[in-house]
Each structure stands twice: as C-alpha cells, then as structure tokens.
>>> print(open('start.cif').read())   # mmCIF, C-alpha atoms
data_upload
loop_
_atom_site.group_PDB
_atom_site.id
_atom_site.type_symbol
_atom_site.label_atom_id
_atom_site.label_comp_id
_atom_site.auth_asym_id
_atom_site.auth_seq_id
_atom_site.Cartn_x
_atom_site.Cartn_y
_atom_site.Cartn_z
ATOM 1 C CA MET A 1 -3.083 -40.105 -110.373
ATOM 2 C CA THR A 2 -2.914 -37.930 -113.483
ATOM 3 C CA LEU A 3 -3.089 -34.224 -112.705
ATOM 4 C CA PRO A 4 -5.351 -31.936 -114.763
ATOM 5 C CA TYR A 5 -3.431 -30.482 -117.704
ATOM 6 C CA ARG A 6 -1.902 -27.046 -117.128
ATOM 7 C CA GLY A 7 0.183 -25.489 -119.887
ATOM 8 C CA ARG A 8 1.716 -22.086 -120.373
ATOM 9 C CA PHE A 9 3.171 -19.548 -122.799
ATOM 10 C CA ALA A 10 5.936 -17.342 -121.405
ATOM 11 C CA PRO A 11 7.050 -14.543 -123.741
ATOM 12 C CA SER A 12 9.641 -11.891 -122.959
ATOM 13 C CA PRO A 13 8.434 -8.308 -123.557
ATOM 14 C CA THR A 14 11.272 -7.344 -125.894
ATOM 15 C CA GLY A 15 9.001 -6.411 -128.789
ATOM 16 C CA ARG A 16 5.728 -7.247 -130.491
ATOM 17 C CA LEU A 17 4.525 -10.811 -131.022
ATOM 18 C CA HIS A 18 6.115 -12.202 -134.198
ATOM 19 C CA PHE A 19 5.407 -15.387 -136.144
ATOM 20 C CA GLY A 20 7.943 -17.526 -134.295
ATOM 21 C CA SER A 21 6.385 -16.581 -130.969
ATOM 22 C CA LEU A 22 2.904 -17.192 -132.384
ATOM 23 C CA VAL A 23 3.907 -20.756 -133.298
ATOM 24 C CA ALA A 24 5.037 -21.350 -129.707
ATOM 25 C CA ALA A 25 1.871 -19.764 -128.304
ATOM 26 C CA LEU A 26 -0.469 -21.684 -130.606
ATOM 27 C CA GLY A 27 1.401 -24.953 -130.112
ATOM 28 C CA SER A 28 1.109 -24.717 -126.330
ATOM 29 C CA TRP A 29 -2.516 -23.515 -126.527
ATOM 30 C CA LEU A 30 -3.554 -26.403 -128.789
ATOM 31 C CA HIS A 31 -1.921 -28.984 -126.524
ATOM 32 C CA ALA A 32 -3.780 -27.530 -123.534
ATOM 33 C CA ARG A 33 -7.159 -27.228 -125.228
ATOM 34 C CA ALA A 34 -6.953 -30.690 -126.813
ATOM 35 C CA ALA A 35 -6.350 -32.071 -123.312
ATOM 36 C CA GLN A 36 -9.278 -29.982 -121.973
ATOM 37 C CA GLY A 37 -6.774 -28.233 -119.737
ATOM 38 C CA ARG A 38 -5.846 -24.751 -118.608
ATOM 39 C CA TRP A 39 -3.550 -22.401 -120.525
ATOM 40 C CA LEU A 40 -1.644 -19.699 -118.667
ATOM 41 C CA VAL A 41 0.420 -16.734 -119.811
ATOM 42 C CA ARG A 42 3.519 -15.599 -117.934
ATOM 43 C CA ILE A 43 5.491 -12.475 -118.840
ATOM 44 C CA GLU A 44 9.217 -13.115 -118.368
ATOM 45 C CA ASP A 45 10.262 -9.527 -117.755
ATOM 46 C CA LEU A 46 13.368 -9.924 -115.590
ATOM 47 C CA ASP A 47 15.755 -8.465 -118.190
ATOM 48 C CA ARG A 48 14.799 -4.818 -117.892
ATOM 49 C CA ASP A 49 17.629 -3.712 -120.218
ATOM 50 C CA ARG A 50 16.004 -5.542 -123.147
ATOM 51 C CA GLU A 51 12.381 -4.799 -122.253
ATOM 52 C CA VAL A 52 10.466 -2.569 -124.666
ATOM 53 C CA ALA A 53 7.973 -0.210 -123.047
ATOM 54 C CA GLY A 54 4.405 -1.341 -123.705
ATOM 55 C CA ALA A 55 5.464 -4.659 -125.273
ATOM 56 C CA ALA A 56 3.845 -6.821 -122.593
ATOM 57 C CA GLN A 57 0.472 -5.136 -123.038
ATOM 58 C CA ASP A 58 0.806 -5.349 -126.815
ATOM 59 C CA ILE A 59 1.602 -9.089 -126.681
ATOM 60 C CA LEU A 60 -1.409 -9.767 -124.468
ATOM 61 C CA ALA A 61 -3.689 -7.706 -126.711
ATOM 62 C CA THR A 62 -2.415 -9.513 -129.828
ATOM 63 C CA LEU A 63 -2.951 -12.916 -128.205
ATOM 64 C CA ALA A 64 -6.506 -11.890 -127.326
ATOM 65 C CA ALA A 65 -7.144 -10.824 -130.926
ATOM 66 C CA LEU A 66 -5.870 -14.255 -131.986
ATOM 67 C CA GLY A 67 -8.385 -15.913 -129.660
ATOM 68 C CA MET A 68 -5.877 -16.909 -126.983
ATOM 69 C CA SER A 69 -6.195 -15.322 -123.544
ATOM 70 C CA SER A 70 -4.789 -16.622 -120.286
ATOM 71 C CA ASP A 71 -7.215 -18.716 -118.247
ATOM 72 C CA GLU A 72 -5.804 -17.197 -115.059
ATOM 73 C CA THR A 73 -4.174 -13.957 -113.937
ATOM 74 C CA VAL A 74 -1.070 -13.201 -115.985
ATOM 75 C CA LEU A 75 2.054 -13.706 -113.872
ATOM 76 C CA LEU A 76 4.838 -11.083 -114.058
ATOM 77 C CA GLN A 77 8.288 -12.317 -113.127
ATOM 78 C CA SER A 78 9.386 -8.802 -112.179
ATOM 79 C CA ALA A 79 7.071 -8.990 -109.161
ATOM 80 C CA ARG A 80 8.515 -12.266 -107.880
ATOM 81 C CA GLN A 81 12.131 -11.497 -106.908
ATOM 82 C CA PRO A 82 11.533 -12.333 -103.205
ATOM 83 C CA VAL A 83 10.234 -15.789 -104.176
ATOM 84 C CA TYR A 84 13.290 -16.431 -106.328
ATOM 85 C CA ALA A 85 15.585 -15.153 -103.561
ATOM 86 C CA ALA A 86 14.082 -17.692 -101.157
ATOM 87 C CA ALA A 87 14.832 -20.493 -103.634
ATOM 88 C CA LEU A 88 18.412 -19.245 -103.978
ATOM 89 C CA GLN A 89 18.833 -19.194 -100.204
ATOM 90 C CA ARG A 90 17.592 -22.761 -100.024
ATOM 91 C CA LEU A 91 20.154 -23.885 -102.598
ATOM 92 C CA ALA A 92 22.940 -21.933 -100.916
ATOM 93 C CA ALA A 93 22.090 -23.440 -97.523
ATOM 94 C CA THR A 94 22.872 -26.923 -98.872
ATOM 95 C CA ASP A 95 26.004 -25.712 -100.707
ATOM 96 C CA ALA A 96 24.320 -26.509 -104.036
ATOM 97 C CA ALA A 97 24.888 -22.880 -105.062
ATOM 98 C CA TYR A 98 27.931 -20.672 -104.583
ATOM 99 C CA ARG A 99 29.161 -17.144 -105.301
ATOM 100 C CA CYS A 100 31.225 -16.700 -108.463
ATOM 101 C CA TRP A 101 33.268 -13.791 -109.838
ATOM 102 C CA CYS A 102 34.253 -15.475 -113.118
ATOM 103 C CA SER A 103 33.732 -13.363 -116.224
ATOM 104 C CA ARG A 104 33.216 -14.607 -119.770
ATOM 105 C CA ALA A 105 36.814 -13.651 -120.502
ATOM 106 C CA ASP A 106 37.975 -15.759 -117.554
ATOM 107 C CA LEU A 107 35.991 -18.753 -118.796
ATOM 108 C CA ALA A 108 37.179 -18.371 -122.392
ATOM 109 C CA ALA A 109 40.512 -19.818 -121.268
ATOM 110 C CA VAL A 110 38.760 -23.067 -120.233
ATOM 111 C CA GLY A 111 36.515 -23.402 -123.263
ATOM 112 C CA GLY A 112 33.681 -21.254 -121.932
ATOM 113 C CA ILE A 113 32.367 -23.967 -119.600
ATOM 114 C CA HIS A 114 32.631 -23.243 -115.883
ATOM 115 C CA PRO A 115 34.522 -26.061 -114.137
ATOM 116 C CA ALA A 116 33.901 -27.381 -110.633
ATOM 117 C CA ARG A 117 36.176 -24.650 -109.223
ATOM 118 C CA CYS A 118 36.175 -20.966 -110.106
ATOM 119 C CA VAL A 119 38.993 -19.737 -112.322
ATOM 120 C CA ALA A 120 38.800 -16.172 -110.965
ATOM 121 C CA ARG A 121 39.377 -14.875 -107.476
ATOM 122 C CA PRO A 122 36.859 -12.748 -105.519
ATOM 123 C CA THR A 123 36.927 -9.054 -106.370
ATOM 124 C CA ALA A 124 35.164 -5.922 -105.177
ATOM 125 C CA ARG A 125 32.446 -6.257 -107.821
ATOM 126 C CA PRO A 126 29.237 -8.129 -106.948
ATOM 127 C CA PRO A 127 29.319 -11.874 -107.642
ATOM 128 C CA ALA A 128 26.893 -14.062 -109.518
ATOM 129 C CA TRP A 129 25.596 -17.320 -108.048
ATOM 130 C CA ARG A 130 26.168 -20.637 -109.807
ATOM 131 C CA LEU A 131 24.658 -24.075 -109.325
ATOM 132 C CA ARG A 132 26.987 -27.000 -108.738
ATOM 133 C CA VAL A 133 26.223 -29.659 -111.330
ATOM 134 C CA GLY A 134 28.711 -32.224 -110.039
ATOM 135 C CA LYS A 135 28.461 -35.399 -112.107
ATOM 136 C CA ALA A 136 24.784 -34.909 -112.964
ATOM 137 C CA ALA A 137 23.649 -36.573 -116.181
ATOM 138 C CA ILE A 138 20.008 -35.853 -117.006
ATOM 139 C CA GLY A 139 17.825 -37.778 -119.406
ATOM 140 C CA PHE A 140 14.186 -37.153 -120.283
ATOM 141 C CA ASP A 141 11.640 -38.138 -122.917
ATOM 142 C CA ASP A 142 10.409 -35.236 -125.000
ATOM 143 C CA ARG A 143 7.002 -35.672 -126.638
ATOM 144 C CA ILE A 144 8.316 -34.350 -129.958
ATOM 145 C CA CYS A 145 12.104 -34.764 -129.933
ATOM 146 C CA GLY A 146 12.196 -38.196 -128.296
ATOM 147 C CA HIS A 147 14.757 -39.206 -125.688
ATOM 148 C CA CYS A 148 17.284 -36.519 -124.766
ATOM 149 C CA HIS A 149 20.337 -36.826 -122.541
ATOM 150 C CA GLN A 150 22.919 -34.350 -121.327
ATOM 151 C CA SER A 151 26.033 -34.530 -119.152
ATOM 152 C CA LEU A 152 25.874 -31.192 -117.405
ATOM 153 C CA ALA A 153 29.537 -31.077 -116.335
ATOM 154 C CA ALA A 154 30.790 -31.735 -119.873
ATOM 155 C CA ASP A 155 28.187 -29.781 -121.855
ATOM 156 C CA VAL A 156 27.191 -26.917 -119.557
ATOM 157 C CA GLY A 157 29.301 -26.673 -116.425
ATOM 158 C CA ASP A 158 28.216 -24.928 -113.255
ATOM 159 C CA PHE A 159 25.671 -22.405 -114.507
ATOM 160 C CA VAL A 160 24.434 -19.013 -113.328
ATOM 161 C CA ILE A 161 21.169 -18.970 -111.401
ATOM 162 C CA TRP A 162 21.509 -15.434 -109.990
ATOM 163 C CA ARG A 163 23.131 -12.671 -111.990
ATOM 164 C CA ALA A 164 25.823 -10.307 -110.754
ATOM 165 C CA ASP A 165 23.411 -7.376 -111.175
ATOM 166 C CA GLY A 166 21.197 -8.846 -108.452
ATOM 167 C CA VAL A 167 18.505 -10.302 -110.727
ATOM 168 C CA CYS A 168 17.383 -13.925 -110.797
ATOM 169 C CA ALA A 169 18.566 -15.773 -113.907
ATOM 170 C CA TYR A 170 16.190 -17.474 -116.336
ATOM 171 C CA GLN A 171 16.868 -21.083 -115.330
ATOM 172 C CA LEU A 172 15.955 -20.625 -111.668
ATOM 173 C CA ALA A 173 13.018 -18.268 -112.299
ATOM 174 C CA VAL A 174 11.311 -20.572 -114.801
ATOM 175 C CA VAL A 175 11.620 -23.585 -112.490
ATOM 176 C CA VAL A 176 10.147 -21.712 -109.525
ATOM 177 C CA ASP A 177 7.319 -20.292 -111.639
ATOM 178 C CA ASP A 178 6.389 -23.540 -113.377
ATOM 179 C CA ALA A 179 6.004 -25.149 -109.949
ATOM 180 C CA ALA A 180 4.079 -22.200 -108.512
ATOM 181 C CA GLN A 181 1.643 -22.251 -111.434
ATOM 182 C CA GLY A 182 1.237 -26.027 -111.303
ATOM 183 C CA ILE A 183 2.415 -26.491 -114.887
ATOM 184 C CA THR A 184 2.122 -30.139 -115.933
ATOM 185 C CA GLU A 185 3.463 -29.811 -119.498
ATOM 186 C CA VAL A 186 5.888 -27.302 -120.980
ATOM 187 C CA VAL A 187 5.429 -26.795 -124.731
ATOM 188 C CA ARG A 188 7.992 -24.392 -126.187
ATOM 189 C CA GLY A 189 10.565 -23.934 -128.960
ATOM 190 C CA VAL A 190 13.404 -26.366 -129.498
ATOM 191 C CA ASP A 191 15.892 -23.542 -128.864
ATOM 192 C CA LEU A 192 15.189 -24.218 -125.170
ATOM 193 C CA LEU A 193 15.758 -27.968 -125.401
ATOM 194 C CA ASP A 194 19.264 -27.674 -123.942
ATOM 195 C CA SER A 195 17.899 -25.736 -120.960
ATOM 196 C CA THR A 196 15.646 -28.597 -119.901
ATOM 197 C CA PRO A 197 18.297 -30.761 -118.154
ATOM 198 C CA ARG A 198 19.386 -27.741 -116.101
ATOM 199 C CA GLN A 199 15.802 -27.093 -115.107
ATOM 200 C CA ILE A 200 15.217 -30.737 -114.193
ATOM 201 C CA LEU A 201 18.301 -30.673 -111.965
ATOM 202 C CA LEU A 202 16.999 -27.549 -110.223
ATOM 203 C CA GLN A 203 13.585 -29.169 -109.769
ATOM 204 C CA ARG A 204 15.204 -32.151 -108.085
ATOM 205 C CA LEU A 205 17.357 -30.021 -105.796
ATOM 206 C CA LEU A 206 14.351 -27.901 -104.777
ATOM 207 C CA ASP A 207 11.997 -30.903 -104.421
ATOM 208 C CA LEU A 208 9.712 -29.543 -107.136
ATOM 209 C CA PRO A 209 7.694 -31.619 -109.618
ATOM 210 C CA THR A 210 9.054 -32.126 -113.126
ATOM 211 C CA PRO A 211 6.518 -31.416 -115.877
ATOM 212 C CA ARG A 212 6.410 -33.232 -119.185
ATOM 213 C CA TYR A 213 8.153 -31.484 -122.078
ATOM 214 C CA ALA A 214 7.436 -30.999 -125.775
ATOM 215 C CA HIS A 215 9.801 -28.874 -127.859
ATOM 216 C CA LEU A 216 8.380 -27.477 -131.080
ATOM 217 C CA PRO A 217 10.376 -26.994 -134.294
ATOM 218 C CA LEU A 218 11.809 -23.516 -134.543
ATOM 219 C CA VAL A 219 10.865 -20.942 -137.163
ATOM 220 C CA LEU A 220 14.068 -19.874 -138.906
ATOM 221 C CA ASP A 221 14.732 -17.128 -141.429
ATOM 222 C CA ALA A 222 16.253 -17.639 -144.879
ATOM 223 C CA GLN A 223 19.743 -17.646 -143.367
ATOM 224 C CA GLY A 224 18.825 -20.368 -140.868
ATOM 225 C CA ARG A 225 18.623 -17.944 -137.940
ATOM 226 C CA LYS A 226 15.891 -17.903 -135.311
ATOM 227 C CA LEU A 227 13.222 -15.274 -135.828
ATOM 228 C CA SER A 228 13.590 -12.845 -132.955
ATOM 229 C CA LYS A 229 12.066 -9.553 -131.950
ATOM 230 C CA HIS A 230 15.406 -7.775 -131.642
ATOM 231 C CA GLU A 231 16.146 -8.635 -135.300
ATOM 232 C CA ALA A 232 12.912 -6.899 -136.352
ATOM 233 C CA ALA A 233 11.004 -10.038 -137.321
ATOM 234 C CA ARG A 234 7.684 -9.042 -138.866
ATOM 235 C CA PRO A 235 5.064 -8.717 -136.095
ATOM 236 C CA VAL A 236 1.715 -10.476 -136.219
ATOM 237 C CA VAL A 237 -1.083 -8.141 -137.358
ATOM 238 C CA ALA A 238 -3.734 -8.231 -134.647
ATOM 239 C CA SER A 239 -6.336 -6.577 -136.858
ATOM 240 C CA ASP A 240 -6.068 -9.412 -139.417
ATOM 241 C CA PRO A 241 -5.347 -12.539 -137.362
ATOM 242 C CA LEU A 242 -6.606 -15.314 -139.670
ATOM 243 C CA PRO A 243 -3.637 -15.414 -142.115
ATOM 244 C CA ALA A 244 -1.141 -15.696 -139.256
ATOM 245 C CA LEU A 245 -3.178 -18.393 -137.491
ATOM 246 C CA ARG A 246 -3.507 -20.418 -140.690
ATOM 247 C CA ALA A 247 0.219 -20.130 -141.362
ATOM 248 C CA ALA A 248 1.053 -21.198 -137.806
ATOM 249 C CA LEU A 249 -1.260 -24.216 -138.050
ATOM 250 C CA GLY A 250 0.404 -25.187 -141.305
ATOM 251 C CA PHE A 251 3.871 -24.854 -139.767
ATOM 252 C CA LEU A 252 2.769 -27.166 -136.956
ATOM 253 C CA GLY A 253 1.560 -29.740 -139.480
ATOM 254 C CA GLN A 254 -2.098 -29.343 -138.535
ATOM 255 C CA PRO A 255 -5.145 -29.215 -140.832
ATOM 256 C CA ILE A 256 -6.147 -25.681 -141.727
ATOM 257 C CA PRO A 257 -9.898 -25.233 -141.218
ATOM 258 C CA ALA A 258 -11.948 -23.345 -143.783
ATOM 259 C CA ALA A 259 -13.325 -20.870 -141.260
ATOM 260 C CA ASP A 260 -13.743 -17.118 -141.534
ATOM 261 C CA HIS A 261 -13.821 -16.290 -137.841
ATOM 262 C CA VAL A 262 -11.082 -16.730 -135.247
ATOM 263 C CA GLY A 263 -13.310 -18.583 -132.788
ATOM 264 C CA ASP A 264 -14.548 -21.031 -135.407
ATOM 265 C CA LEU A 265 -11.059 -21.629 -136.786
ATOM 266 C CA LEU A 266 -9.599 -22.357 -133.351
ATOM 267 C CA ALA A 267 -12.490 -24.605 -132.330
ATOM 268 C CA GLN A 268 -12.034 -26.687 -135.480
ATOM 269 C CA ALA A 269 -8.244 -26.676 -135.000
ATOM 270 C CA VAL A 270 -8.645 -28.117 -131.514
ATOM 271 C CA ARG A 271 -10.969 -30.861 -132.756
ATOM 272 C CA GLY A 272 -8.509 -31.793 -135.496
ATOM 273 C CA PHE A 273 -5.326 -31.397 -133.448
ATOM 274 C CA ALA A 274 -2.853 -34.287 -133.447
ATOM 275 C CA ALA A 275 0.484 -33.802 -131.707
ATOM 276 C CA ASP A 276 2.095 -36.536 -133.802
ATOM 277 C CA ARG A 277 1.665 -34.366 -136.911
ATOM 278 C CA ILE A 278 4.215 -31.885 -135.559
ATOM 279 C CA THR A 279 7.495 -32.446 -137.356
ATOM 280 C CA ARG A 280 10.277 -33.765 -135.141
ATOM 281 C CA PRO A 281 13.258 -31.415 -135.461
ATOM 282 C CA THR A 282 16.259 -32.981 -137.176
ATOM 283 C CA GLU A 283 19.658 -33.011 -135.476
ATOM 284 C CA ALA A 284 20.711 -30.254 -137.878
ATOM 285 C CA ALA A 285 17.670 -28.161 -136.914
ATOM 286 C CA ILE A 286 18.369 -28.706 -133.220
ATOM 287 C CA ALA A 287 21.975 -27.633 -133.775
ATOM 288 C CA ALA A 288 20.786 -24.526 -135.630
ATOM 289 C CA ALA A 289 18.387 -23.745 -132.780
ATOM 290 C CA ARG A 290 21.202 -24.261 -130.267
ATOM 291 C CA ASN A 291 23.409 -21.831 -132.156
ATOM 292 C CA ALA A 292 20.557 -19.343 -132.494
ATOM 293 C CA SER A 293 19.855 -19.360 -128.770
ATOM 294 C CA ALA A 294 23.541 -18.810 -127.988
ATOM 295 C CA GLN A 295 23.710 -15.649 -130.082
#
>>> encode(input="start.cif", output="structure tokens")
Amino acid sequence: MTLPYRGRFAPSPTGRLHFGSLVAALGSWLHARAAQGRWLVRIEDLDRDREVAGAAQDILATLAALGMSSDETVLLQSARQPVYAAALQRLAATDAAYRCWCSRADLAAVGGIHPARCVARPTARPPAWRLRVGKAAIGFDDRICGHCHQSLAADVGDFVIWRADGVCAYQLAVVVDDAAQGITEVVRGVDLLDSTPRQILLQRLLDLPTPRYAHLPLVLDAQGRKLSKHEAARPVVASDPLPALRAALGFLGQPIPAADHVGDLLAQAVRGFAADRITRPTEAAIAAARNASAQ
C-alpha cells in the first residue's frame, strides 16, 4: 500500500531565508503539491550557539509571503530533547551506541574517521555518544542522483549521535523527527547526500520506516562554495517574492509561468512540475557540496 505523500522543509534558524534555502523549500514544496500531498515545516534549532534571535519567525514569515506555509503545526526540535533521549537509550541498551571521549585532535591521528575502538581514554569531561557502524554498507536509490552506496566504516566511521554538551546530534534528531511526522519523501540539498546512509542505518536500528530521498542540486557562489546564512548570502525579499520564485523555478529546471501573483505562479508551477527536469548533480558538484558541508 502506498502511503499518502508527506514531505518537509527543515531549516536551521541561523539567519534569514536565502536563495539556496528557497530552492530547497520550493523543491520540496513542489514535489509534495504535485503528489497532492502534505508539506510540513520543521525548525532545526538544536544548535543554540549558532541560532540568530528571531530568525525562525522571519523564515516562517518569508515562506508565507512566498506562498508556502506548513500544512501542520511547525515542529521545533528544541522542544523534543526527551524524545531524542529515549531513542538514545534504546540504542545504548542494545550496545549500538557507546560513550566516547575522542576529540577531533585525537581522531586527526587516524585520518579523522573514528575506528571501531576509541583512541582516547575516558576523562573528567562529559562524553559524546557514537553509533557503532560495524561493517554496514548502505545503498539507496535517490530520485535525482540515482543509485548511491556508502561503506560507513571506511567513509564515515562510528559517528556522533549525542554531543558532549548534552544535545542530540543532527543525524539522530532528523531520523526521529522524520518518523514522528510520517515523512514519506525527503527532498533536500545534495550537501546532505552523504548523511543519508547514516540516517538509513539509524532507521533500521530503531525499527523506523525509511522514506524515499531526492537530493537537489546545490546553489553555489562564484567560488564554488555553498550559499550559507553565516556567509551573509543575500536574503530573499519577502515584500517582492516573484523574482526569487522565478529564479528558483529556473534553477530547478522548471517552466517559469507568466503570472503576476504568487498564488497564480505557484498553481501554474505545480501543474507544470516535472521532477525529471531537475538537473542531476555531477560527481564534481557532489564533491563540491561534500566539501561545502564539511566546512
């Protein structure tokens, strides 16, 4: 049985909505609307050190001005620590997760990838929690990028799912939230392509469903770097949304309707939407996205 389509957009409130984020939002919104599905917004606000005051409200207001509002109550990750802690406890109970005191400096000596055993001894400082990847090799078919495969031990190593500062890490939080919100398809930037095998492994260990995935080409600046809020990428102007929407449609390879109102433009964009028009990222673009996400 095919489940009703449920997609999502999950920005971090580290600044105003910029063009790269708009592409991700519009790409996920179009997929959902073309499938006559639901589109949800989740604010990934676990990293309080990087959060900009008022950014979450500004992002939501800008999305609304662009004609894209969440079909359900906006979920805030900052309110869900107990849910994430329960998932961590479940993983720890089966020895799939373990405490780790390794620092980045410790791991630099082994190529930056955490091996099956810690390279640092326990200390007085709080530990992080890592997931054991063992010999896991994960493959999946991406709707845009095609077949992807990753050997977690060789390419990633045991990875952090709970930070030493007591906050749930991205990989675990997104898996728990996608399941809780019933997400059936994740449409996001290709900079997160390498995260997908880790998330699929977590889904399997937690007996959670695995959604379908589609990773959009990434908007890069003139130097080949990912547009990001902390690098002062130009924000989308909510008071004049049509130019940004037209540019985002063009970037996604979609026809650009000759409409003068947001509602009309989006309605025509949905009718004309074809996922196969979205350009498949080249290996070089994926590598650039990988480097951008690591910075």
>>> resolve_selection(input="start.cif", expression="the PyMOL selection byres ((chain A and resi 78) around 6)", output="number ranges by chain")
A: 45-46, 76-77, 79-80
>>> resolve_selection(input="start.cif", expression="the PyMOL selection byres ((chain A and resi 255) around 12)", output="PyMOL selection string")
chain A and resi 245-254+256-259+265-266+268-275+277-278
>>> resolve_selection(input="start.cif", expression="the PyMOL selection byres ((chain A and resi 118) around 9)", output="list in words")
Cys100, Trp101, Cys102, Leu107, His114, Pro115, Ala116, Arg117, Val119, Ala120 and Arg121 of chain A
>>> residues_around(input="start.cif", residues="Ala238 (chain A)", least_positions_apart="2", cutoff="12 Å", atoms="all atoms listed in the file", output="PDB file with C-alpha atoms, in the coordinates of the input")
ATOM      1  CA  ARG A  16       5.728  -7.247-130.491  1.00  0.00           C
ATOM      2  CA  LEU A  17       4.525 -10.811-131.022  1.00  0.00           C
ATOM      3  CA  HIS A  18       6.115 -12.202-134.198  1.00  0.00           C
ATOM      4  CA  PHE A  19       5.407 -15.387-136.144  1.00  0.00           C
ATOM      5  CA  LEU A  22       2.904 -17.192-132.384  1.00  0.00           C
ATOM      6  CA  ASP A  58       0.806  -5.349-126.815  1.00  0.00           C
ATOM      7  CA  ILE A  59       1.602  -9.089-126.681  1.00  0.00           C
ATOM      8  CA  LEU A  60      -1.409  -9.767-124.468  1.00  0.00           C
ATOM      9  CA  ALA A  61      -3.689  -7.706-126.711  1.00  0.00           C
ATOM     10  CA  THR A  62      -2.415  -9.513-129.828  1.00  0.00           C
ATOM     11  CA  LEU A  63      -2.951 -12.916-128.205  1.00  0.00           C
ATOM     12  CA  ALA A  64      -6.506 -11.890-127.326  1.00  0.00           C
ATOM     13  CA  ALA A  65      -7.144 -10.824-130.926  1.00  0.00           C
ATOM     14  CA  LEU A  66      -5.870 -14.255-131.986  1.00  0.00           C
ATOM     15  CA  GLY A  67      -8.385 -15.913-129.660  1.00  0.00           C
ATOM     16  CA  MET A  68      -5.877 -16.909-126.983  1.00  0.00           C
ATOM     17  CA  PRO A 235       5.064  -8.717-136.095  1.00  0.00           C
ATOM     18  CA  VAL A 236       1.715 -10.476-136.219  1.00  0.00           C
ATOM     19  CA  ASP A 240      -6.068  -9.412-139.417  1.00  0.00           C
ATOM     20  CA  PRO A 241      -5.347 -12.539-137.362  1.00  0.00           C
ATOM     21  CA  LEU A 242      -6.606 -15.314-139.670  1.00  0.00           C
ATOM     22  CA  PRO A 243      -3.637 -15.414-142.115  1.00  0.00           C
ATOM     23  CA  ALA A 244      -1.141 -15.696-139.256  1.00  0.00           C
ATOM     24  CA  LEU A 245      -3.178 -18.393-137.491  1.00  0.00           C
ATOM     25  CA  VAL A 262     -11.082 -16.730-135.247  1.00  0.00           C
TER      26      VAL A 262
END
>>> residues_near_point(input="start.cif", point="(28.8, -29.9, -112.9)", cutoff="12 Å", atoms="only C-alpha atoms", output="ChimeraX atom specification")
/A:96-97,113-118,130-138,150-160,197-198,201
>>> atom_distance(input="start.cif", atom1="CA of Glu283 (chain A)", atom2="CA of Val219 (chain A)")
15.0 Å
>>> atom_distance(input="start.cif", atom1="CA of Ala180 (chain A)", atom2="CA of Gly139 (chain A)")
23.5 Å
>>> closest_residue(input="start.cif", among="A:Ala25, A:Ala214, A:Ile286, A:Ile161", to="Leu91 (chain A)", atoms="all atoms listed in the file")
A:Ile161
>>> closest_residue(input="start.cif", among="A:Pro281, A:Pro217, A:Pro13, A:Gly20", to="Arg50 (chain A)", atoms="all atoms listed in the file")
A:Pro13
>>> atom_distance(input="start.cif", atom1="CA of Pro211 (chain A)", atom2="CA of Ser69 (chain A)")
21.9 Å
>>> axis_aligned_box(input="start.cif", around="region 68-74 of chain A", padding_each_side="3 Å", output="lines of an AutoDock Vina configuration file")
center_x = -4.1
center_y = -16.0
center_z = -120.5
size_x = 12.1
size_y = 11.5
size_z = 19.0
>>> closest_residue(input="start.cif", among="A:Ala179, A:Leu30, A:Leu172, A:Ala164", to="Pro127 (chain A)", atoms="only C-alpha atoms")
A:Ala164
>>> closest_residue(input="start.cif", among="A:Pro209, A:Ile200, A:Ser239, A:Ile144", to="Thr279 (chain A)", atoms="only C-alpha atoms")
A:Ile144
>>> closest_residue(input="start.cif", among="A:Gln199, A:Ala10, A:Leu40, A:Ala173", to="Thr73 (chain A)", atoms="all atoms listed in the file")
A:Leu40
>>> decode(input="start.cif", residues="region 158-169 of chain A", atoms="N, CA, C and O atoms", output="compact mmCIF listing (two decimals), in the first residue's frame")
# COMPACT_ATOMS: atom_id res chain seq x y z
N ASP A 158 32.43 5.33 13.16
CA ASP A 158 31.41 5.49 14.19
C ASP A 158 31.15 6.98 14.38
O ASP A 158 32.08 7.75 14.63
N PHE A 159 29.90 7.40 14.28
CA PHE A 159 29.60 8.83 14.25
C PHE A 159 28.80 9.27 15.47
O PHE A 159 28.12 8.47 16.12
N VAL A 160 28.90 10.55 15.76
CA VAL A 160 28.27 11.13 16.96
C VAL A 160 26.77 11.24 16.75
O VAL A 160 26.30 11.77 15.73
N ILE A 161 26.02 10.74 17.73
CA ILE A 161 24.56 10.91 17.71
C ILE A 161 24.08 11.72 18.92
O ILE A 161 22.91 12.12 18.97
N TRP A 162 24.98 11.94 19.87
CA TRP A 162 24.65 12.79 21.04
C TRP A 162 25.91 13.53 21.42
O TRP A 162 26.94 12.93 21.68
N ARG A 163 25.83 14.85 21.41
CA ARG A 163 27.02 15.67 21.60
C ARG A 163 27.47 15.71 23.05
O ARG A 163 26.69 15.47 23.97
N ALA A 164 28.74 16.07 23.25
CA ALA A 164 29.30 16.13 24.60
C ALA A 164 28.67 17.23 25.44
O ALA A 164 28.74 17.18 26.67
N ASP A 165 28.03 18.22 24.80
CA ASP A 165 27.37 19.28 25.56
C ASP A 165 25.95 18.90 25.97
O ASP A 165 25.19 19.73 26.48
N GLY A 166 25.58 17.63 25.74
CA GLY A 166 24.28 17.15 26.20
C GLY A 166 23.14 17.37 25.24
O GLY A 166 21.97 17.21 25.61
N VAL A 167 23.44 17.70 23.99
CA VAL A 167 22.41 17.99 22.99
C VAL A 167 22.42 16.89 21.93
O VAL A 167 23.48 16.42 21.51
N CYS A 168 21.25 16.49 21.50
CA CYS A 168 21.14 15.48 20.44
C CYS A 168 21.79 16.00 19.16
O CYS A 168 21.63 17.16 18.79
N ALA A 169 22.52 15.13 18.48
CA ALA A 169 23.16 15.50 17.22
C ALA A 169 22.17 15.39 16.07
O ALA A 169 21.15 14.71 16.15
